[in-house]
Structure formats: C-alpha cells, structure tokens
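Next comes upload-v7.pdb, with PDB, C-alpha atoms.
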ATOM      1  CA  MET A  23      -6.223  17.747  18.105
ATOM      2  CA  LEU A  24      -5.019  14.168  18.604
ATOM      3  CA  GLU A  25      -8.459  12.716  17.928
ATOM      4  CA  GLU A  26      -8.909  14.760  14.749
ATOM      5  CA  ASN A  27      -5.534  13.658  13.345
ATOM      6  CA  LEU A  28      -5.982  10.020  14.280
ATOM      7  CA  LEU A  29      -9.446   9.710  12.787
ATOM      8  CA  SER A  30      -8.289  11.239   9.511
ATOM      9  CA  SER A  31      -5.134   9.089   9.272
ATOM     10  CA  PHE A  32      -6.223   5.675  10.548
ATOM     11  CA  THR A  33      -9.873   5.365   9.523
ATOM     12  CA  PHE A  34      -9.195   1.785   8.382
ATOM     13  CA  LEU A  35      -8.775   0.656  12.009
ATOM     14  CA  GLU A  36     -11.684  -0.503  14.171
ATOM     15  CA  PRO A  37     -13.504   2.360  15.957
ATOM     16  CA  GLU A  38     -12.914   0.643  19.309
ATOM     17  CA  LEU A  39      -9.182   0.455  18.551
ATOM     18  CA  GLN A  40      -9.093   4.108  17.546
ATOM     19  CA  LYS A  41     -10.594   4.916  20.927
ATOM     20  CA  GLU A  42      -7.954   2.822  22.726
ATOM     21  CA  ILE A  43      -5.175   4.530  20.784
ATOM     22  CA  LEU A  44      -6.542   7.932  21.778
ATOM     23  CA  GLU A  45      -6.720   6.858  25.417
ATOM     24  CA  ASN A  46      -3.254   5.304  25.596
ATOM     25  CA  GLY A  47      -1.207   7.073  22.911
ATOM     26  CA  ARG A  48       1.096  10.046  23.407
ATOM     27  CA  TYR A  49       1.093  12.692  20.684
ATOM     28  CA  LYS A  50       4.576  14.038  19.901
ATOM     29  CA  THR A  51       6.370  16.166  17.297
ATOM     30  CA  PHE A  52       9.990  15.643  16.188
ATOM     31  CA  GLU A  53      11.876  18.241  14.194
ATOM     32  CA  ALA A  54      14.161  17.385  11.251
ATOM     33  CA  GLY A  55      17.284  15.599  12.455
ATOM     34  CA  GLU A  56      15.847  14.441  15.786
ATOM     35  CA  ASN A  57      16.099  10.770  16.742
ATOM     36  CA  LEU A  58      12.930   8.838  17.450
ATOM     37  CA  ILE A  59      14.752   5.523  17.989
ATOM     38  CA  ARG A  60      18.446   4.850  18.591
ATOM     39  CA  GLU A  61      20.422   1.665  18.099
ATOM     40  CA  GLY A  62      21.029  -0.168  21.352
ATOM     41  CA  GLN A  63      18.088   1.277  23.277
ATOM     42  CA  TYR A  64      15.076  -0.629  24.577
ATOM     43  CA  ILE A  65      11.862   0.611  23.025
ATOM     44  CA  ALA A  66       9.163   1.603  25.504
ATOM     45  CA  GLY A  67       6.787   2.792  22.797
ATOM     46  CA  PHE A  68       6.453   2.507  19.035
ATOM     47  CA  PRO A  69       5.427   5.389  16.746
ATOM     48  CA  LEU A  70       2.499   5.601  14.351
ATOM     49  CA  VAL A  71       3.260   8.289  11.773
ATOM     50  CA  ILE A  72       0.579  10.956  11.455
ATOM     51  CA  LYS A  73       2.508  13.336   9.221
ATOM     52  CA  GLY A  74       6.051  13.714   7.893
ATOM     53  CA  LEU A  75       8.883  11.413   6.882
ATOM     54  CA  ILE A  76      11.182   9.226   8.998
ATOM     55  CA  ARG A  77      14.482   7.747   7.813
ATOM     56  CA  VAL A  78      15.331   4.291   9.186
ATOM     57  CA  THR A  79      19.031   3.417   8.991
ATOM     58  CA  LYS A  80      21.651   0.999  10.260
ATOM     59  CA  LYS A  81      25.157   2.153  11.237
ATOM     60  CA  ASN A  82      28.400   0.192  10.965
ATOM     61  CA  GLN A  83      31.391   0.413  13.295
ATOM     62  CA  ASP A  84      32.855   3.299  11.268
ATOM     63  CA  GLY A  85      29.713   5.362  11.747
ATOM     64  CA  ASN A  86      28.527   5.035   8.144
ATOM     65  CA  GLU A  87      24.790   4.747   7.652
ATOM     66  CA  LEU A  88      22.904   2.387   5.397
ATOM     67  CA  LEU A  89      19.448   3.608   4.452
ATOM     68  CA  LEU A  90      16.961   0.771   4.991
ATOM     69  CA  TYR A  91      13.637   2.449   4.277
ATOM     70  CA  TYR A  92      11.471   5.510   4.849
ATOM     71  CA  LEU A  93       8.315   5.759   6.945
ATOM     72  CA  LYS A  94       5.566   8.119   5.900
ATOM     73  CA  GLU A  95       2.011   8.956   6.908
ATOM     74  CA  ASN A  96      -0.097   5.981   8.069
ATOM     75  CA  GLU A  97       2.938   3.738   8.592
ATOM     76  CA  VAL A  98       4.735   2.163  11.536
ATOM     77  CA  CYS A  99       8.316   0.908  11.839
ATOM     78  CA  ALA A 100       8.500  -2.869  11.381
ATOM     79  CA  MET A 101      11.880  -3.044  13.111
ATOM     80  CA  SER A 102      10.504  -1.337  16.229
ATOM     81  CA  LEU A 103       7.544  -3.733  16.230
ATOM     82  CA  THR A 104       9.956  -6.663  16.095
ATOM     83  CA  CYS A 105      11.962  -5.303  19.025
ATOM     84  CA  CYS A 106       8.751  -4.756  20.982
ATOM     85  CA  MET A 107       7.604  -8.329  20.389
ATOM     86  CA  THR A 108      10.940  -9.877  21.367
ATOM     87  CA  ARG A 109      11.805  -7.335  24.107
ATOM     88  CA  GLN A 110      15.182  -6.729  22.479
ATOM     89  CA  VAL A 111      17.148  -3.517  21.980
ATOM     90  CA  SER A 112      16.739  -1.644  18.734
ATOM     91  CA  GLN A 113      19.016  -2.615  15.857
ATOM     92  CA  VAL A 114      18.241   0.533  13.849
ATOM     93  CA  ASN A 115      18.080   4.311  14.074
ATOM     94  CA  ALA A 116      14.928   6.228  13.196
ATOM     95  CA  VAL A 117      15.494   9.918  12.414
ATOM     96  CA  ALA A 118      13.016  12.622  11.389
ATOM     97  CA  GLU A 119      13.812  13.576   7.802
ATOM     98  CA  GLU A 120      11.495  16.569   8.203
ATOM     99  CA  SER A 121       9.093  17.770  10.883
ATOM    100  CA  VAL A 122       7.210  14.650  11.962
ATOM    101  CA  ARG A 123       4.063  14.141  14.032
ATOM    102  CA  VAL A 124       3.542  10.710  15.586
ATOM    103  CA  ILE A 125       1.511   8.865  18.187
ATOM    104  CA  ILE A 126       3.729   6.896  20.582
ATOM    105  CA  LEU A 127       2.016   3.713  21.779
ATOM    106  CA  PRO A 128       3.111   1.595  24.782
ATOM    107  CA  VAL A 129       4.686  -1.711  23.743
ATOM    108  CA  GLU A 130       2.399  -3.807  25.948
ATOM    109  CA  TYR A 131      -0.581  -3.076  23.721
ATOM    110  CA  LEU A 132       0.990  -4.545  20.577
ATOM    111  CA  ASP A 133       0.232  -8.209  21.307
ATOM    112  CA  ILE A 134      -3.109  -7.419  22.930
ATOM    113  CA  TRP A 135      -4.359  -5.553  19.869
ATOM    114  CA  ILE A 136      -3.074  -8.207  17.454
ATOM    115  CA  ASN A 137      -5.251 -10.789  19.215
ATOM    116  CA  LYS A 138      -8.187  -8.445  19.703
ATOM    117  CA  TYR A 139      -8.502  -6.471  16.470
ATOM    118  CA  PRO A 140      -8.356  -8.136  13.011
ATOM    119  CA  PHE A 141      -7.676  -4.865  11.178
ATOM    120  CA  TRP A 142      -4.747  -4.095  13.486
ATOM    121  CA  LYS A 143      -3.333  -7.584  12.895
ATOM    122  CA  GLN A 144      -3.687  -7.076   9.140
ATOM    123  CA  PHE A 145      -2.008  -3.667   9.416
ATOM    124  CA  VAL A 146       0.957  -5.119  11.327
ATOM    125  CA  MET A 147       1.354  -8.070   8.943
ATOM    126  CA  GLN A 148       1.160  -5.771   5.908
ATOM    127  CA  THR A 149       3.795  -3.558   7.538
ATOM    128  CA  PHE A 150       6.166  -6.517   7.870
ATOM    129  CA  GLN A 151       5.544  -7.532   4.260
ATOM    130  CA  ASN A 152       6.161  -4.021   2.902
ATOM    131  CA  ARG A 153       9.350  -3.493   4.892
ATOM    132  CA  PHE A 154      10.667  -6.960   3.995
ATOM    133  CA  ARG A 155      10.157  -6.136   0.309
ATOM    134  CA  GLU A 156      12.013  -2.845   0.733
ATOM    135  CA  LEU A 157      14.890  -4.536   2.552
ATOM    136  CA  ILE A 158      15.183  -7.044  -0.307
ATOM    137  CA  ASP A 159      15.401  -4.097  -2.698
ATOM    138  CA  VAL A 160      18.212  -2.608  -0.590
ATOM    139  CA  VAL A 161      20.147  -5.892  -0.628
ATOM    140  CA  GLU A 162      19.700  -6.236  -4.392
ATOM    141  CA  ALA A 163      20.813  -2.634  -4.945
ATOM    142  CA  ILE A 164      23.985  -3.157  -2.915
ATOM    143  CA  ALA A 165      24.739  -6.511  -4.530
ATOM    144  CA  PHE A 166      23.930  -5.762  -8.149
ATOM    145  CA  MET A 167      23.817  -2.007  -8.786
ATOM    146  CA  LYS A 168      26.704   0.379  -9.364
ATOM    147  CA  LEU A 169      26.998   3.311  -6.994
ATOM    148  CA  ASP A 170      25.826   5.827  -9.586
ATOM    149  CA  GLU A 171      22.703   3.699 -10.138
ATOM    150  CA  ARG A 172      22.137   3.511  -6.374
ATOM    151  CA  LEU A 173      22.437   7.286  -6.121
ATOM    152  CA  ILE A 174      19.761   7.775  -8.761
ATOM    153  CA  ARG A 175      17.620   5.119  -7.061
ATOM    154  CA  PHE A 176      17.977   7.030  -3.776
ATOM    155  CA  PHE A 177      16.500  10.176  -5.315
ATOM    156  CA  GLU A 178      13.748   8.260  -7.118
ATOM    157  CA  GLU A 179      12.794   6.428  -3.923
ATOM    158  CA  ARG A 180      12.746   9.685  -2.000
ATOM    159  CA  HIS A 181      10.453  11.238  -4.594
ATOM    160  CA  SER A 182       8.079   8.261  -4.553
ATOM    161  CA  LYS A 183       7.760   8.517  -0.752
ATOM    162  CA  THR A 184       7.502  12.293  -0.376
ATOM    163  CA  GLY A 185       6.710  13.803  -3.757
ATOM    164  CA  SER A 186       9.721  16.061  -3.185
ATOM    165  CA  LYS A 187      12.135  16.858  -6.004
ATOM    166  CA  THR A 188      14.814  18.328  -3.747
ATOM    167  CA  TYR A 189      17.221  17.073  -1.104
ATOM    168  CA  GLU A 190      18.462  19.176   1.804
ATOM    169  CA  GLY A 191      21.753  17.973   3.276
ATOM    170  CA  THR A 192      25.467  17.803   2.656
ATOM    171  CA  HIS A 193      27.294  15.474   0.301
ATOM    172  CA  LEU A 194      28.641  13.770   3.420
ATOM    173  CA  ASP A 195      25.104  13.133   4.687
ATOM    174  CA  LEU A 196      24.247  11.563   1.367
ATOM    175  CA  ALA A 197      27.443   9.513   1.309
ATOM    176  CA  MET A 198      26.759   8.119   4.772
ATOM    177  CA  GLN A 199      23.282   6.980   3.757
ATOM    178  CA  LEU A 200      24.715   5.218   0.709
ATOM    179  CA  ASN A 201      27.673   3.805   2.669
ATOM    180  CA  SER A 202      30.192   5.586   0.451
ATOM    181  CA  SER A 203      32.639   8.483   0.758
ATOM    182  CA  ARG A 204      31.927  12.175   0.318
ATOM    183  CA  GLU A 205      34.485  12.440  -2.474
ATOM    184  CA  VAL A 206      32.878   9.677  -4.533
ATOM    185  CA  ILE A 207      29.352  11.046  -4.055
ATOM    186  CA  SER A 208      30.504  14.571  -4.950
ATOM    187  CA  ARG A 209      32.085  13.255  -8.142
ATOM    188  CA  LEU A 210      28.918  11.365  -9.131
ATOM    189  CA  LEU A 211      26.730  14.382  -8.369
ATOM    190  CA  LYS A 212      28.987  16.587 -10.484
ATOM    191  CA  LYS A 213      28.610  14.124 -13.341
ATOM    192  CA  LEU A 214      24.811  14.249 -13.004
ATOM    193  CA  GLU A 215      24.959  18.048 -12.891
ATOM    194  CA  ASN A 216      26.995  18.149 -16.089
ATOM    195  CA  GLN A 217      24.332  15.970 -17.697
ATOM    196  CA  GLY A 218      21.644  18.441 -16.616
ATOM    197  CA  LYS A 219      19.952  15.906 -14.312
ATOM    198  CA  VAL A 220      20.575  17.685 -11.007
ATOM    199  CA  ILE A 221      21.218  21.256  -9.899
ATOM    200  CA  MET A 222      23.450  21.683  -6.871
ATOM    201  CA  TYR A 223      23.415  24.495  -4.346
ATOM    202  CA  ARG A 224      25.031  24.730  -0.929
ATOM    203  CA  ASN A 225      23.589  21.827   1.116
ATOM    204  CA  PHE A 226      20.713  21.564  -1.365
ATOM    205  CA  ILE A 227      20.140  19.421  -4.478
ATOM    206  CA  ASP A 228      17.383  19.779  -7.052
ATOM    207  CA  TYR A 229      17.013  16.365  -8.697
ATOM    208  CA  SER A 230      13.864  17.050 -10.708
ATOM    209  CA  GLY A 231      15.844  16.388 -13.909
ATOM    210  CA  LEU A 232      16.068  12.720 -12.944
ATOM    211  CA  LEU A 233      12.308  12.255 -12.707
TER
END

Using structure tokens, write down the structure from this file.
Amino acid sequence: MLEENLLSSFTFLEPELQKEILENGRYKTFEAGENLIREGQYIAGFPLVIKGLIRVTKKNQDGNELLLYYLKENEVCAMSLTCCMTRQVSQVNAVAEESVRVIILPVEYLDIWINKYPFWKQFVMQTFQNRFRELIDVVEAIAFMKLDERLIRFFEERHSKTGSKTYEGTHLDLAMQLNSSREVISRLLKKLENQGKVIMYRNFIDYSGLL
C-alpha cells in the first residue's frame, strides 16, 4: 500500500530515493482536526503529503490563529524542514483540514538526501520558494487588504488548493484563522450572503458564488 501510493505521488524523485523513503518512512493517517505538528515541540519526523489537505498556522498569546499556508498532495512543510535543519522547536501548528495520509520521515535523512539526491534538493528548495511566496502574500494581505477582502481571498485560496467550494467549520473557526472576532466575521458573511455570494448553513458555508 505504501509503495503504491509513494510511486504514484513522488515519481519525480530518484528511484533510489523512493526506495529509501519506503524503507525508512512511516505511513500514517490523520483525521480532520488532528494535529500533525504543534508549536513548541521538537520534530522527530517531517511529513510528505500523499493525500488530503493540511492547514499550517501560527497562534498568538490570545490563542488566535493566523493562517500561513495549506499543504496538499506532493508537498512538504517548509517550516518543519527548517526546524529539522536547525534542530529547533516548531514555531507553527500543522492541522489536518480533512482526512490526510502522509509519510513521516526521520529528520536525520533530510541533510543526507539533500547532498545525495539532486531531485530531492530541488524539491526542498522549490518548497522553500513556494512557501516564502505564500508568506509574502499573507503579509501583504494583512498590511494592505481590508478584512472583507481577506475573507474572500481565504475562500479563493482554499478553492485553488482543494477544488472545494464549501467550508465546514464555525464562524469562530474562521475568525481565528483570519485573526479577527466571530462577530465581525459573522457580519461580513451575512453581507456576502445578502449579495448572493455565499450560502450559510449550520457550521457549513457554500462559497461557490464567489468563484
């Protein structure tokens, strides 16, 4: 099962590296809402995403979340790679947005494979570049966009990553990810609903009208 999934998801990696991943990786499934990585913990292994969606966030002292980026199939968390390289505790949380299947790889192989396999090195460097670009987008959104624009951007970004046109969660969940309050987010969602751009149900939002 592990071999079949790996070969179909990471065919761009060297065959020898695929074999090493199969020999040393640990196949694991996380259900929606489960933590893969927590802030403040040392990371013993980093996940390669086989299937599903992972939300990477940063929390402030009040417990509010800031959404940094999503991880989808064929991706790895740049922040966890950084912590592995520097042997530091994690500065982010990684939570399964839906049922997720991953391969957990021991941290000691990261540097070895970078020096040994050119395609792995390219994959890691491209990961850093992609995540850096997304973090710049987050900073620009916070600095220059109004909250209603950020809310729309949140749904558009979610759709681009998953293809989904719906969001399952409370208004409070959404507010925490946008570092706002439930009352403000509820008011903005009601405005979008009145404009025919979203349809709201209990703990469920259809935002297909925005796309």

8 Å per side around segment 69-72 of chain A: axis-aligned box centre and edge lengths, as AutoDock Vina command-line options:
--center_x 3.0 --center_y 8.2 --center_z 14.1 --size_x 20.8 --size_y 21.6 --size_z 21.3

>> Rounded to one decimal, what separation in Å do you get between atom CA of Asn46 of chain A and atom CA of Asn115 of chain A?
In response: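 Atom CA of Asn115 of chain A lies at a distance of 24.3 Å from atom CA of Asn46 of chain A.
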
> So how many Å separate atom CA of Tyr91 of chain A and atom CA of Met198 of chain A, to one decimal?
Replying inline: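 Rounded to one decimal, the two atoms are 14.3 Å apart.
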
> How many Å lie between atom CA of Glu119 of chain A and atom CA of Asp228 of chain A, rounded to one decimal?
Replying inline: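 Atom-to-atom, atom CA of Glu119 of chain A to atom CA of Asp228 of chain A, that is 16.5 Å.
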
Enumerate, as an mmCIF file with C-alpha atoms, in the frame of the given file, the residues matched when the PyMOL selection byres ((chain A and resi 125-137) around 7) is run on the file above.
data_model
loop_
_atom_site.group_PDB
_atom_site.id
_atom_site.type_symbol
_atom_site.label_atom_id
_atom_site.label_comp_id
_atom_site.auth_asym_id
_atom_site.auth_seq_id
_atom_site.Cartn_x
_atom_site.Cartn_y
_atom_site.Cartn_z
ATOM 1 C CA ASN A 46 -3.254 5.304 25.596
ATOM 2 C CA GLY A 47 -1.207 7.073 22.911
ATOM 3 C CA ARG A 48 1.096 10.046 23.407
ATOM 4 C CA TYR A 49 1.093 12.692 20.684
ATOM 5 C CA LYS A 50 4.576 14.038 19.901
ATOM 6 C CA ALA A 66 9.163 1.603 25.504
ATOM 7 C CA GLY A 67 6.787 2.792 22.797
ATOM 8 C CA PHE A 68 6.453 2.507 19.035
ATOM 9 C CA PRO A 69 5.427 5.389 16.746
ATOM 10 C CA LEU A 70 2.499 5.601 14.351
ATOM 11 C CA VAL A 71 3.260 8.289 11.773
ATOM 12 C CA CYS A 106 8.751 -4.756 20.982
ATOM 13 C CA VAL A 124 3.542 10.710 15.586
ATOM 14 C CA LYS A 138 -8.187 -8.445 19.703
ATOM 15 C CA TYR A 139 -8.502 -6.471 16.470
ATOM 16 C CA PRO A 140 -8.356 -8.136 13.011
ATOM 17 C CA TRP A 142 -4.747 -4.095 13.486
ATOM 18 C CA LYS A 143 -3.333 -7.584 12.895
#

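For the residues A:Glu87, A:Glu97, A:Glu178, A:Glu162, ranking by smallest atom-to-atom distance to Leu200 of chain A using all atoms listed in the file places A:Glu87 first.
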
> Of the candidates A:Asn96, A:Ser30, A:Thr79, A:Asn225, which shows the shortest atom-to-atom distance to Phe145 of chain A, using all atoms listed in the file?
Replying inline: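 Among A:Asn96, A:Ser30, A:Thr79, A:Asn225, it is A:Asn96 that comes nearest to Phe145 of chain A.
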
> If I put a ball of radius 6 Å at (13.5, 10.9, 16.5) in the file's coordinates, which residues poke into it when counting only C-alpha atoms, written as a PyMOL selection string?
Replying inline: chain A and resi 52+56-59+116-118

>> Counting all atoms listed in the file, which residues have an atom no more than 12 Å from (11.6, 10.4, -16.9) in the file's coordinates? Please list them as a PyMOL selection string.
In response: chain A and resi 174+178+219+229-233

>> Residues near segment 100-103 of chain A, anyone? I mean within 8 Å using only C-alpha atoms, not counting same-chain ones fewer than 3 positions away, as a list in words.
In response: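 Contacts, in chain order: Ile65, Phe68, Cys106, Met107, Ser112, Gln113, Val114, Leu132, Val146, Thr149, Phe150 and Arg153 of chain A.
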
>> Need the shell around segment 156-160 of chain A: protein/DNA/RNA residues with any atom at most 12 Å away, counting all atoms listed in the file. Skip same-chain ones fewer than 4 positions apart. Format as a ChimeraX atom specification?
In response: /A:78-80,88-93,100-101,149-152,164-167,172,175-176,179,199-201

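Counting all atoms listed in the file and comparing A:Lys73, A:Lys212, A:Arg224, A:Arg155, the residue that lies closest to Glu120 of chain A is A:Lys73.
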
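Listed by chain and then by number, the residues chosen by the PyMOL selection byres ((chain A and resi 38) around 12) in this file are Leu29, Thr33, Phe34, Leu35, Glu36, Pro37, Leu39, Gln40, Lys41, Glu42, Ile43, Leu44, Glu45, Trp135, Lys138, Tyr139, Pro140, Phe141 and Trp142 of chain A.
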
>> When you count only C-alpha atoms, which of these residues is closest to Ser121 of chain A: A:Ile207, A:Leu196, A:Met222, A:Ile72?
In response: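 When distances to Ser121 of chain A are compared using only C-alpha atoms, the smallest one comes from A:Ile72.
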
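Distances to Gly185 of chain A were evaluated for A:Lys213, A:Lys94, A:Arg204, A:Arg109 using all atoms listed in the file, and the minimum falls at A:Lys94.
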
> Do you know which residues the PyMOL selection byres ((chain A and resi 226) around 6) returns on this file, as a list in words?
Replying inline: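 In the shown coordinates, the PyMOL selection byres ((chain A and resi 226) around 6) covers Tyr189, Glu190, Gly191, Tyr223, Arg224, Asn225 and Ile227 of chain A.
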
> Using all atoms listed in the file, which of A:Thr51, A:Asn86, A:Gln63, A:Gln148 sits nearest Ser202 of chain A?
Replying inline: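 Closest to Ser202 of chain A of all the choices is A:Asn86.
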